[in-house]
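Novice: Below you will find the structure I want to go over with you.
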Amino acid sequence: MAGFDPASYHLTEEMHARVKPAHDQAGSIMARLRFDFGTLTLDAELLETPTGRAVAAALPVSSSALTWGEEVYFEVPVQVPAEADARAVVTPGEIAYWPEGHCIALGFGRTPISRGDETRLASPCNIFAKALGDVKALAAVRAGATVKVTRIG
């Protein structure tokens, strides 16, 4: 990406040291994450992206869930810019970081701005992980629920 400044990712040396990638044969998977909403958990594979590294470095985090249609999102202490391939329309199971809101977004169906059956987030987001379970279970998450995100692998 032209004009990209790695310093904008706000990772300290300590954070870099905490991120120890565990790549698969293709080199695309860093680790696994667990999203624990109290009543349900969702595991995901962290992708090898600048956003994936920034999120991994910030873990563990605890936040309060918000909902928007069939999307659960929550604020995290990560500030990264939109990546070149950021997009608003995602496939359920793709886990995104919303740069404008400093939030992780888990879309599992239609949002108020979706067209047809698509899952459209508020604005372009960075895809940084892939869910390993059924994201439709997120329909049970209510606004205000505590979510804890940890690294499990």
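Here, A, B, ... name the chains of the structure tokens in the order displayed, residue numbers run from 1 inside each chain, and ligands are numbered from 1 in the same displayed order.
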So that I can see what lies close to Val90 of chain A, please list as an MDAnalysis selection string the residues with an atom at most 12 Å from it, counting only C-alpha atoms and leaving out residues fewer than 4 positions away in the same chain.
Specialist: chainID A and resid 71 85:86 94:97 105:111 114 117:130
Novice: Given only C-alpha atoms as the basis, pick out the residue of A:Glu70, A:Gly52, A:Ser62, A:Ala57 nearest to Glu83 of chain A.
Specialist: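 Going through A:Glu70, A:Gly52, A:Ser62, A:Ala57 one by one, the smallest distance to Glu83 of chain A is for A:Gly52.
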Novice: Using only C-alpha atoms for the distances, tell me which of A:Arg34, A:His102, A:Leu40, A:Thr67 is nearest to Ala54 of chain A.
Specialist: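 Smallest distance to Ala54 of chain A is found for A:His102.
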Novice: So how many Å separate atom CA of Asp134 of chain A and atom CA of Arg53 of chain A, to one decimal?
Specialist: 24.1 Å
Novice: One decimal, Å: what's the distance from atom CA of Arg32 of chain A over to atom CA of Leu46 of chain A, could you say?
Specialist: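 Between atom CA of Arg32 of chain A and atom CA of Leu46 of chain A the gap works out to 5.5 Å.
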Novice: Report the distance between atom CA of Asp36 of chain A and atom CA of Glu48 of chain A in Å, rounded to one decimal place.
Specialist: 22.0 Å
Novice: List the spatial neighbours of Pro77 of chain A as a PDB file with C-alpha atoms, in the first residue's frame - criterion: any atom at most 9 Å away, only C-alpha atoms, same-chain residues fewer than 6 positions off excluded.
Specialist:
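As written to disk, out32.pdb reads:
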```pdb
ATOM      1  CA  VAL A  55      -5.269  -7.664  17.577  1.00  0.00           C
ATOM      2  CA  ALA A  58      -3.624  -6.475  22.376  1.00  0.00           C
ATOM      3  CA  VAL A  61      -9.282  -7.951  26.014  1.00  0.00           C
ATOM      4  CA  HIS A 102     -11.880   0.680  16.692  1.00  0.00           C
ATOM      5  CA  CYS A 103     -14.122  -2.354  16.987  1.00  0.00           C
TER       6      CYS A 103
END
```
Novice: Segment 35-127 of chain A: which residues are strand (DSSP E or B) by DSSP, as a PyMOL selection string?
Specialist: chain A and resi 35-36+41-47+61-64+66-67+71-75+87-90+94-98+103-107+119-127
Novice: Would you pick out the contacts of Asp43 of chain A at 8 Å or less, using only C-alpha atoms, so that residues sharing its chain but fewer than 4 positions from it are not included, and give the list as a list in words?
Specialist: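 Contacts, in chain order: Arg32, Leu33, Arg34, Phe35, Ala131, Leu132 and Gly133 of chain A.
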Novice: Write the residues of the selection above to a file with C-alpha atoms, as a PDB file, in the first residue's frame.
Specialist:
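Output file part17.pdb follows:
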```pdb
ATOM      1  CA  ARG A  32      -6.494 -19.196  17.421  1.00  0.00           C
ATOM      2  CA  LEU A  33      -8.749 -16.806  19.266  1.00  0.00           C
ATOM      3  CA  ARG A  34     -11.673 -17.420  21.578  1.00  0.00           C
ATOM      4  CA  PHE A  35     -14.599 -15.020  21.846  1.00  0.00           C
ATOM      5  CA  ALA A 131     -14.665 -18.324  12.657  1.00  0.00           C
ATOM      6  CA  LEU A 132     -14.403 -22.049  13.315  1.00  0.00           C
ATOM      7  CA  GLY A 133     -17.952 -22.450  14.601  1.00  0.00           C
TER       8      GLY A 133
END
```
